[in-house]
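See below for run.cif, which holds mmCIF, C-alpha atoms.
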data_structure
loop_
_atom_site.label_atom_id
_atom_site.label_comp_id
_atom_site.auth_asym_id
_atom_site.auth_seq_id
_atom_site.Cartn_x
_atom_site.Cartn_y
_atom_site.Cartn_z
CA MET E 4 90.69 134.70 73.55
CA ARG E 5 93.21 133.66 76.15
CA LEU E 6 92.38 131.03 78.73
CA LEU E 7 92.72 133.58 81.52
CA ASP E 8 90.04 135.72 79.85
CA LEU E 9 87.69 132.74 79.96
CA PHE E 10 88.36 132.27 83.69
CA THR E 11 87.87 135.98 84.36
CA TRP E 12 84.62 135.94 82.42
CA LEU E 13 83.41 132.90 84.41
CA GLU E 14 84.15 134.60 87.72
CA THR E 15 82.31 137.79 86.73
CA SER E 16 79.39 135.90 85.19
CA PRO E 17 76.11 135.57 87.13
CA VAL E 18 77.15 132.03 88.15
CA GLY E 19 80.41 133.33 89.61
CA ALA E 20 78.61 136.17 91.35
CA PHE E 21 76.04 133.76 92.80
CA VAL E 22 78.73 131.53 94.33
CA LYS E 23 80.80 134.49 95.55
CA ASP E 24 77.97 136.53 96.98
CA LYS E 25 77.69 134.70 100.29
CA GLY E 26 80.33 132.57 102.00
CA ALA E 27 77.67 130.01 102.88
CA THR E 28 76.88 129.32 99.22
CA PHE E 29 80.43 128.26 98.47
CA ALA E 30 80.72 126.26 101.70
CA THR E 31 77.44 124.41 101.09
CA ILE E 32 78.41 123.49 97.52
CA GLU E 33 81.75 122.32 98.94
CA ALA E 34 79.97 120.07 101.44
CA VAL E 35 77.94 118.44 98.63
CA HIS E 36 81.21 118.08 96.69
CA LEU E 37 82.70 116.24 99.70
CA MET E 38 79.71 113.89 100.11
CA ALA E 39 79.95 112.99 96.40
CA LEU E 40 83.71 112.47 96.88
CA ALA E 41 82.93 109.96 99.63
CA VAL E 42 80.54 108.01 97.35
CA LEU E 43 83.07 108.10 94.51
CA GLY E 44 85.78 106.86 96.85
CA GLY E 45 83.54 104.08 98.12
CA THR E 46 82.75 102.78 94.63
CA VAL E 47 86.39 103.05 93.49
CA LEU E 48 87.64 101.18 96.57
CA LEU E 49 84.93 98.53 96.33
CA THR E 50 85.77 97.72 92.70
CA ASP E 51 89.53 98.02 93.04
CA LEU E 52 89.85 96.06 96.27
CA ARG E 53 87.74 93.35 94.61
CA LEU E 54 90.08 93.38 91.60
CA MET E 55 92.98 92.99 94.02
CA ASN E 56 91.16 90.05 95.59
CA VAL E 57 91.02 91.71 99.00
CA ILE E 58 87.27 91.99 99.64
CA LEU E 59 84.08 90.16 98.60
CA LYS E 60 86.11 87.44 96.88
CA ASP E 61 83.01 85.27 96.42
CA VAL E 62 81.06 87.93 94.50
CA PRO E 63 81.72 87.91 90.73
CA THR E 64 84.01 90.81 89.77
CA GLN E 65 81.90 91.97 86.86
CA THR E 66 78.52 92.17 88.59
CA LEU E 67 80.14 94.12 91.42
CA ALA E 68 82.06 96.42 89.08
CA PHE E 69 79.03 97.23 86.91
CA ALA E 70 76.81 97.96 89.92
CA ALA E 71 79.53 100.15 91.43
CA HIS E 72 80.05 101.95 88.12
CA ARG E 73 76.45 103.24 88.15
CA TRP E 74 77.06 104.98 91.47
CA PHE E 75 80.54 106.03 90.39
CA LYS E 76 78.94 107.93 87.49
CA ILE E 77 76.33 109.54 89.74
CA ALA E 78 79.09 110.68 92.13
CA LEU E 79 81.34 111.84 89.28
CA TYR E 80 78.63 113.97 87.66
CA THR E 81 77.75 115.49 91.04
CA LEU E 82 81.43 116.26 91.61
CA LEU E 83 81.81 117.83 88.16
CA ALA E 84 78.68 119.98 88.60
CA THR E 85 79.54 121.19 92.12
CA GLY E 86 83.18 121.56 91.09
CA PHE E 87 82.17 123.82 88.22
CA PHE E 88 80.21 126.08 90.59
CA MET E 89 83.12 126.22 93.03
CA LEU E 90 85.49 127.08 90.19
CA ALA E 91 83.16 129.86 89.03
CA GLY E 92 83.49 131.53 92.44
CA VAL E 93 87.30 131.53 92.49
CA ALA E 94 88.21 131.10 88.81
CA THR E 95 91.07 133.61 88.57
CA LYS E 96 92.62 132.31 91.79
CA CYS E 97 92.47 128.77 90.36
CA TYR E 98 94.02 129.88 87.09
CA HIS E 99 97.16 130.93 88.96
CA ASN E 100 97.09 127.91 91.28
CA PHE E 101 99.54 125.11 90.46
CA TYR E 102 97.53 122.45 92.30
CA PHE E 103 94.38 123.32 90.37
CA TRP E 104 96.11 122.29 87.16
CA VAL E 105 97.57 119.18 88.80
CA LYS E 106 94.05 118.26 89.81
CA MET E 107 92.60 118.93 86.34
CA ALA E 108 95.34 116.78 84.77
CA ALA E 109 94.76 113.98 87.28
CA LEU E 110 91.00 114.24 86.82
CA ALA E 111 91.29 114.03 83.02
CA ALA E 112 93.60 111.04 83.41
CA GLY E 113 91.21 109.42 85.91
CA ILE E 114 88.15 109.84 83.69
CA ALA E 115 90.06 108.60 80.61
CA PHE E 116 91.37 105.64 82.59
CA VAL E 117 87.93 104.57 83.85
CA PHE E 118 85.99 104.99 80.60
CA ALA E 119 88.67 104.05 78.04
CA ILE E 120 90.66 101.37 79.86
CA LYS E 121 89.17 100.00 83.09
CA MET E 122 85.52 99.51 82.15
CA PRO E 123 86.18 98.22 78.58
CA LEU E 124 88.65 95.76 80.12
CA LEU E 125 86.09 94.59 82.68
CA ARG E 126 83.38 94.26 80.02
CA GLY E 127 85.57 91.75 78.19
CA ASN E 128 86.43 88.30 79.42
CA VAL E 129 87.89 89.00 82.84
CA ASP E 130 88.85 85.37 83.42
CA GLU E 131 91.34 85.54 80.56
CA LEU E 132 93.19 88.45 82.15
CA GLN E 133 96.25 87.88 84.29
CA PRO E 134 95.61 88.53 88.00
CA ALA E 135 98.64 90.84 87.89
CA THR E 136 96.99 92.93 85.17
CA LEU E 137 93.85 93.35 87.26
CA LYS E 138 95.91 94.30 90.29
CA LEU E 139 97.82 96.87 88.28
CA VAL E 140 94.57 98.36 86.95
CA ALA E 141 93.21 98.57 90.51
CA LEU E 142 96.38 100.16 91.84
CA ALA E 143 96.48 102.73 89.04
CA SER E 144 92.80 103.55 89.54
CA MET E 145 93.09 104.07 93.31
CA SER E 146 96.28 106.13 92.93
CA LEU E 147 94.70 108.38 90.33
CA TRP E 148 91.52 109.09 92.30
CA PHE E 149 93.38 109.68 95.56
CA LEU E 150 95.68 112.08 93.68
CA VAL E 151 92.62 113.91 92.32
CA ALA E 152 91.23 114.31 95.86
CA ALA E 153 94.56 115.26 97.46
CA SER E 154 95.47 117.86 94.83
CA GLY E 155 91.91 119.19 95.12
CA ARG E 156 92.32 119.74 98.86
CA TRP E 157 95.69 121.33 98.23
CA ILE E 158 94.13 124.06 96.01
CA GLY E 159 92.75 125.61 99.17
CA PHE E 160 96.11 125.71 100.97
CA SER E 161 98.00 127.89 98.53
CA MET H 9 80.99 122.77 131.90
CA ASN H 10 81.98 125.44 129.38
CA GLU H 11 84.62 126.74 131.79
CA LEU H 12 86.09 123.25 132.06
CA ILE H 13 86.16 122.83 128.29
CA LEU H 14 87.83 126.21 127.88
CA GLU H 15 90.34 125.46 130.61
CA PHE H 16 91.21 122.14 128.93
CA ALA H 17 91.48 123.79 125.50
CA ARG H 18 93.76 126.50 126.88
CA TRP H 19 95.97 123.91 128.56
CA LEU H 20 96.10 121.88 125.31
CA GLU H 21 96.94 125.01 123.34
CA SER H 22 99.94 125.66 125.58
CA THR H 23 101.47 122.22 125.02
CA SER H 24 104.43 122.00 122.65
CA PHE H 25 102.59 119.36 120.60
CA SER H 26 99.74 121.74 119.86
CA VAL H 27 102.04 124.66 119.09
CA GLY H 28 104.11 122.47 116.78
CA LEU H 29 101.04 121.33 114.85
CA HIS H 30 99.70 124.85 114.62
CA GLU H 31 102.93 126.47 113.53
CA SER H 32 104.04 123.85 111.02
CA PHE H 33 102.78 124.61 107.56
CA TYR H 34 103.11 121.29 105.82
CA LEU H 35 102.31 118.92 108.70
CA TYR H 36 98.97 120.59 109.41
CA ASN H 37 98.07 120.51 105.72
CA TRP H 38 99.02 116.88 105.37
CA ILE H 39 96.94 115.94 108.40
CA GLU H 40 93.97 117.80 106.99
CA THR H 41 94.47 116.22 103.55
CA THR H 42 94.60 112.78 105.18
CA HIS H 43 91.41 113.64 107.10
CA VAL H 44 89.65 114.48 103.81
CA LEU H 45 91.10 111.55 101.85
CA THR H 46 90.04 109.09 104.53
CA LEU H 47 86.50 110.29 103.84
CA MET H 48 86.73 108.25 100.65
CA VAL H 49 87.49 105.11 102.67
CA SER H 50 85.36 105.43 105.81
CA LEU H 51 82.37 107.41 104.61
CA GLY H 52 82.67 105.96 101.11
CA LEU H 53 82.22 102.38 102.34
CA LEU H 54 79.56 103.52 104.84
CA CYS H 55 77.62 105.01 101.90
CA ILE H 56 77.91 101.69 100.01
CA ILE H 57 76.52 99.79 103.02
CA ASP H 58 73.70 102.31 103.49
CA LEU H 59 72.83 102.29 99.78
CA ARG H 60 72.57 98.49 99.95
CA MET H 61 70.29 98.78 103.00
CA LEU H 62 68.14 101.24 101.05
CA GLY H 63 67.90 98.70 98.22
CA LEU H 64 69.60 101.11 95.81
CA CYS H 65 72.68 99.09 94.85
CA PHE H 66 74.29 95.64 94.98
CA THR H 67 70.83 94.15 95.43
CA HIS H 68 72.17 90.82 94.14
CA VAL H 69 74.57 90.55 97.10
CA PRO H 70 73.08 89.55 100.50
CA ALA H 71 72.76 92.60 102.77
CA SER H 72 74.61 90.93 105.63
CA LYS H 73 77.53 90.09 103.35
CA VAL H 74 77.92 93.70 102.21
CA ALA H 75 77.75 94.90 105.81
CA GLU H 76 80.11 92.29 107.27
CA ARG H 77 82.78 92.42 104.60
CA LEU H 78 82.98 96.19 104.33
CA THR H 79 82.88 96.93 108.05
CA LYS H 80 86.57 96.20 108.69
CA PRO H 81 88.05 98.43 105.97
CA MET H 82 85.44 101.06 106.87
CA LEU H 83 86.45 101.00 110.55
CA ALA H 84 90.13 101.19 109.54
CA GLY H 85 89.22 104.37 107.67
CA PHE H 86 87.35 105.73 110.68
CA VAL H 87 90.34 105.09 112.97
CA VAL H 88 92.55 107.26 110.72
CA MET H 89 89.71 109.77 110.46
CA PHE H 90 89.40 110.14 114.25
CA ALA H 91 93.17 110.21 114.78
CA THR H 92 93.63 113.00 112.24
CA GLY H 93 90.50 114.73 113.55
CA ILE H 94 91.93 114.77 117.08
CA ALA H 95 95.22 116.12 115.70
CA LEU H 96 93.35 118.90 113.89
CA TYR H 97 91.51 119.76 117.12
CA THR H 98 94.80 119.74 119.03
CA ALA H 99 96.31 122.22 116.59
CA ILE H 100 93.55 124.82 117.20
CA PRO H 101 91.80 123.79 120.44
CA VAL H 102 90.36 127.02 121.86
CA ARG H 103 88.69 128.35 118.72
CA THR H 104 87.45 124.87 117.76
CA SER H 105 85.96 124.24 121.21
CA GLN H 106 83.96 127.43 120.84
CA SER H 107 82.89 126.77 117.28
CA LEU H 108 79.14 126.41 116.78
CA TRP H 109 79.70 124.01 113.89
CA PHE H 110 82.18 121.86 115.82
CA ARG H 111 79.68 121.45 118.65
CA ILE H 112 76.84 120.55 116.27
CA LYS H 113 79.21 118.16 114.50
CA LEU H 114 79.98 116.34 117.77
CA ILE H 115 76.26 115.99 118.54
CA LEU H 116 75.61 114.61 115.04
CA LEU H 117 78.57 112.20 115.42
CA LEU H 118 77.09 110.93 118.66
CA ALA H 119 73.69 110.52 116.99
CA ALA H 120 75.25 108.66 114.06
CA PHE H 121 77.10 106.37 116.47
CA ILE H 122 73.92 105.55 118.41
CA ASN H 123 72.03 105.01 115.15
CA ALA H 124 74.76 102.62 113.96
CA LEU H 125 74.68 100.67 117.23
CA LEU H 126 70.89 100.33 117.16
CA PHE H 127 71.05 99.35 113.51
CA HIS H 128 73.68 96.72 114.22
CA ARG H 129 71.45 95.19 116.93
CA HIS H 130 68.37 95.32 114.71
CA MET H 131 70.30 93.67 111.90
CA LYS H 132 71.66 90.87 114.08
CA ALA H 133 68.17 90.07 115.32
CA SER H 134 66.28 90.13 112.04
CA VAL H 135 68.60 89.90 109.03
CA ASP H 136 67.82 86.23 108.36
CA SER H 137 64.31 87.12 107.25
CA TRP H 138 65.37 89.77 104.70
CA ASP H 139 69.01 89.10 103.87
CA LEU H 140 68.31 88.17 100.23
CA ALA H 141 65.57 90.75 99.67
CA PRO H 142 66.68 93.34 97.09
CA VAL H 143 64.87 96.00 99.09
CA PRO H 144 65.13 95.56 102.90
CA PRO H 145 62.15 96.30 105.24
CA ALA H 146 61.12 99.86 106.07
CA ARG H 147 62.84 99.98 109.46
CA THR H 148 66.19 99.11 107.88
CA ARG H 149 65.71 101.70 105.17
CA VAL H 150 64.84 104.40 107.70
CA ALA H 151 68.00 103.66 109.69
CA ALA H 152 70.14 103.74 106.52
CA GLY H 153 68.53 106.98 105.33
CA LEU H 154 69.04 108.52 108.77
CA SER H 155 72.68 107.44 108.73
CA LEU H 156 73.27 109.12 105.36
CA ALA H 157 71.47 112.29 106.48
CA LEU H 158 73.47 112.47 109.72
CA TRP H 159 76.75 112.01 107.85
CA ALA H 160 75.80 114.68 105.32
CA GLY H 161 75.31 116.95 108.35
CA ILE H 162 78.65 115.88 109.84
CA VAL H 163 80.49 116.65 106.58
CA THR H 164 78.71 119.98 106.18
CA THR H 165 79.27 121.18 109.75
CA GLY H 166 82.86 119.88 109.55
CA ARG H 167 83.48 122.02 106.49
CA PHE H 168 81.78 125.02 108.16
CA ILE H 169 84.23 124.97 111.11
CA ALA H 170 86.70 126.74 108.80
CA TYR H 171 84.39 129.77 108.59
CA ASP H 172 84.19 132.39 111.34
CA TRP H 173 80.48 133.24 110.95
CA PHE H 174 79.51 132.59 114.58
CA ASP H 175 82.86 132.80 116.36
CA CYS H 176 83.05 134.30 119.84
CA GLY H 177 83.21 138.07 119.46
CA GLU H 178 80.92 138.10 116.44
CA PRO H 179 77.54 139.80 116.96
CA ASN H 180 75.82 136.50 117.81
CA PRO H 181 72.39 136.01 119.36
CA ALA H 182 72.75 135.38 123.12
CA TRP H 183 71.66 131.72 122.87
CA ILE H 184 74.46 130.97 120.39
CA ASP H 185 77.05 132.57 122.68
CA ALA H 186 75.64 130.48 125.52
CA PHE H 187 75.65 127.29 123.44
CA ILE H 188 79.25 127.70 122.28
CA GLY H 189 80.39 128.83 125.71
CA CYS H 190 81.63 132.33 124.94
CA THR H 191 82.69 133.18 128.45
CA ASN H 192 85.43 135.30 126.90
CA PRO H 193 83.52 137.45 124.40
CA ALA H 194 86.48 139.79 124.02
CA ALA H 195 88.89 136.99 123.11
#
Can the structure in the file be given as structure tokens, please?
Amino acid sequence: MRLLDLFTWLETSPVGAFVKDKGATFATIEAVHLMALAVLGGTVLLTDLRLMNVILKDVPTQTLAFAAHRWFKIALYTLLATGFFMLAGVATKCYHNFYFWVKMAALAAGIAFVFAIKMPLLRGNVDELQPATLKLVALASMSLWFLVAASGRWIGFS
Amino acid sequence: MNELILEFARWLESTSFSVGLHESFYLYNWIETTHVLTLMVSLGLLCIIDLRMLGLCFTHVPASKVAERLTKPMLAGFVVMFATGIALYTAIPVRTSQSLWFRIKLILLLAAFINALLFHRHMKASVDSWDLAPVPPARTRVAAGLSLALWAGIVTTGRFIAYDWFDCGEPNPAWIDAFIGCTNPAA
């Protein structure tokens, strides 16, 4: 089965039909997607600006990062769920859309970065890490998530 | 009132700045992308503050500290948000002025602003008694919940502006045409 067949199947499935049926369904899911994006952005900025020593310097990095990570996960799962529904409505269009694949690549990189690099690093002994390392991690994290959001918006333009 | 708004929108539409924004493909898209990305800064940090006031996160950090330290970067985000928002309005002024969703969005924005001002005053007066409490008092939580609900409405109506469901010329109920000021139903 080719990948395109999978996308076509998704769009013609009951889920795809449900999202497509009324314009308001898609738009409402999109609005929830945007609210979750805001929360995700807030938690990413809070952690990363702390790592860069810009905000809340007197709050321990780890306690802040772990608390933020809980809400990051809630936002991420909401984004993935609403994103899946949005994709179901316009799957074949997305398949042929360059920015959709840019976004998927950035998203995969972002998720891998958070769960395989950033959080394991922060769970270790943060004090032993070079400040430059932490700043680099923060910069990479913010760049990745802003790229995910920007390429996501750009899907709709083409 | 509606005539004045329409007159202003038509004048704005005729300016070279508006035409330039409207006609350019990439500039308009970049402004809109910036508008959406700034959501992560402004609304993102606002959500963090509100979640703290609801007692749902960062309960180990004093409430006033979360509010004070995040306000500046949040406001910086809002400045970019409003600037890009005004640019987006300038690009398509007539249709936007007569959009049901745009008008509801402005009302919700005003409500959110008043709520934030009242909350700020309430916080200044009483925060000393609950600053370290993991879960702030009911009045604080109501204001934070209201803020989140209003912003959810602002995001939703903002997204809906792109759809033409209740545009002038659509078969709208009379009260909607009156509310959005369709003095030019044929336009």
Per residue of chain H within 7 Å of chain E, which atom pair is closest and at what distance in Å (one decimal), using all atoms listed in the file, listed by chain and increasing number, as a Markdown table?
| residue | atom | partner | partner_atom | distance |
| --- | --- | --- | --- | --- |
| H:Thr41 | CA | E:Ala153 | CA | 6.2 |
| H:Leu45 | CA | E:Ala152 | CA | 6.6 |
| H:Leu47 | CA | E:Ala41 | CA | 5.5 |
| H:Met48 | CA | E:Gly44 | CA | 4.2 |
| H:Val49 | CA | E:Gly45 | CA | 6.1 |
| H:Leu51 | CA | E:Ala41 | CA | 5.6 |
| H:Gly52 | CA | E:Gly45 | CA | 3.6 |
| H:Leu53 | CA | E:Gly45 | CA | 4.7 |
| H:Cys55 | CA | E:Val42 | CA | 6.2 |
| H:Ile56 | CA | E:Gly45 | CA | 6.4 |
| H:Cys65 | CA | E:Ala70 | CA | 6.5 |
| H:Phe66 | CA | E:Ala70 | CA | 6.1 |
| H:Arg77 | CA | E:Leu59 | CA | 6.5 |
| H:Ala160 | CA | E:Met38 | CA | 6.6 |
| H:Val163 | CA | E:Ala34 | CA | 6.2 |
| H:Thr164 | CA | E:Ala34 | CA | 4.9 |
| H:Arg167 | CA | E:Ala34 | CA | 6.5 |
| H:Phe168 | CA | E:Ala30 | CA | 6.7 |
Using the chain letters and numbers from the file, give me the residues hit by the PyMOL selection byres ((chain H and resi 170) around 10), as a short mmCIF file (atom, residue, chain, number, x, y, z; two decimals) with C-alpha atoms, in the frame of the given file.
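This is the output file expr_33.cif:
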data_model
loop_
_atom_site.label_atom_id
_atom_site.label_comp_id
_atom_site.auth_asym_id
_atom_site.auth_seq_id
_atom_site.Cartn_x
_atom_site.Cartn_y
_atom_site.Cartn_z
CA ALA E 30 80.72 126.26 101.70
CA THR H 104 87.45 124.87 117.76
CA SER H 107 82.89 126.77 117.28
CA TRP H 109 79.70 124.01 113.89
CA PHE H 110 82.18 121.86 115.82
CA THR H 165 79.27 121.18 109.75
CA GLY H 166 82.86 119.88 109.55
CA ARG H 167 83.48 122.02 106.49
CA PHE H 168 81.78 125.02 108.16
CA ILE H 169 84.23 124.97 111.11
CA TYR H 171 84.39 129.77 108.59
CA ASP H 172 84.19 132.39 111.34
CA TRP H 173 80.48 133.24 110.95
#
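With distances taken over all atoms listed in the file, H:His30 is the one residue among H:Lys80, H:Arg60, H:His30, H:Arg129 lying closest to Leu96 of chain H.
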Exercise. Which neighbours of Val22 of chain E fall inside 6 Å, counting only C-alpha atoms, when residues of the same chain fewer than 6 positions from it are skipped, and could you give them as a PyMOL selection string?
Worked result: chain E and resi 28-29+92
For this session: Report the residues retrieved by the PyMOL selection byres ((chain H and resi 176-193) around 12) from the displayed file, expressed as a ChimeraX atom specification.
Result: /H:9-15,102-112,171-175,194-195
Find the smallest box with edges along x, y and z containing every listed atom of segment 11-15 of chain E, then add 6 Å on each side and report centre and edge lengths in Å to one decimal, as lines of an AutoDock Vina configuration file.
center_x = 85.1
center_y = 135.3
center_z = 85.1
size_x = 17.6
size_y = 16.9
size_z = 17.3
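Between Lys132 of chain H and the residues H:Ser32, H:Ser50, H:Thr42, H:Ser72, the shortest atom-to-atom distance, using only C-alpha atoms, involves H:Ser72.
Our summary of the geometry notes that atom CA of Thr136 of chain E is positioned 11.8 Å from atom CA of Ile120 of chain E.
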So that I can see what lies close to Pro101 of chain H, please list as a PDB file with C-alpha atoms, in the frame of the given file the residues with an atom at most 8 Å from it, counting all atoms listed in the file and leaving out residues fewer than 2 positions away in the same chain.
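And here is the file that came out, selection-v7.pdb:
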ATOM      1  CA  ALA H  17      91.480 123.790 125.500  1.00  0.00           C
ATOM      2  CA  ARG H  18      93.760 126.500 126.880  1.00  0.00           C
ATOM      3  CA  LEU H  20      96.100 121.880 125.310  1.00  0.00           C
ATOM      4  CA  GLU H  21      96.940 125.010 123.340  1.00  0.00           C
ATOM      5  CA  TYR H  97      91.510 119.760 117.120  1.00  0.00           C
ATOM      6  CA  THR H  98      94.800 119.740 119.030  1.00  0.00           C
ATOM      7  CA  ALA H  99      96.310 122.220 116.590  1.00  0.00           C
ATOM      8  CA  ARG H 103      88.690 128.350 118.720  1.00  0.00           C
ATOM      9  CA  THR H 104      87.450 124.870 117.760  1.00  0.00           C
ATOM     10  CA  SER H 105      85.960 124.240 121.210  1.00  0.00           C
TER      11      SER H 105
END
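Shortest atom-to-atom contact with Thr23 of chain H among H:Leu126, H:Val150, H:Ile100, H:Asp139: H:Ile100, counting all atoms listed in the file.
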Convert the output of the PyMOL selection byres ((chain H and resi 116) around 8) on the shown file into explicit residues, formatted as a PDB file with C-alpha atoms, keeping the file's coordinate frame.
ATOM      1  CA  ILE H 112      76.840 120.550 116.270  1.00  0.00           C
ATOM      2  CA  LYS H 113      79.210 118.160 114.500  1.00  0.00           C
ATOM      3  CA  LEU H 114      79.980 116.340 117.770  1.00  0.00           C
ATOM      4  CA  ILE H 115      76.260 115.990 118.540  1.00  0.00           C
ATOM      5  CA  LEU H 117      78.570 112.200 115.420  1.00  0.00           C
ATOM      6  CA  LEU H 118      77.090 110.930 118.660  1.00  0.00           C
ATOM      7  CA  ALA H 119      73.690 110.520 116.990  1.00  0.00           C
ATOM      8  CA  ALA H 120      75.250 108.660 114.060  1.00  0.00           C
ATOM      9  CA  LEU H 158      73.470 112.470 109.720  1.00  0.00           C
ATOM     10  CA  TRP H 159      76.750 112.010 107.850  1.00  0.00           C
ATOM     11  CA  GLY H 161      75.310 116.950 108.350  1.00  0.00           C
ATOM     12  CA  ILE H 162      78.650 115.880 109.840  1.00  0.00           C
TER      13      ILE H 162
END
Seminar exercise, completed: Among E:Leu82, E:Met89, E:Leu147, E:Leu132, Val117 of chain E is approached most closely, using all atoms listed in the file, by E:Leu147
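Separating atom CA of Phe101 of chain E from atom CA of Gly28 of chain H is a distance of 26.8 Å.
Compared by their closest atoms to Asn100 of chain E, and using only C-alpha atoms, the residues E:Ala20, E:Met4, E:Leu125, E:Ser161 rank with E:Ser161 nearest.
Between atom CA of Gly113 of chain E and atom CA of Ala84 of chain H the interatomic distance comes to 25.0 Å.
Comparing the minimum interatomic distances between Lys73 of chain H and each of H:Ala95, H:Leu140, H:Ala151, H:Ala133, counting all atoms listed in the file, we find that H:Leu140 sits nearest.
Residues within 10 Å of Thr11 of chain E, counting only C-alpha atoms and excluding same-chain residues fewer than 6 positions away, are Gly19, Ala91, Val93, Ala94, Thr95, Lys96 and Tyr98 of chain E.
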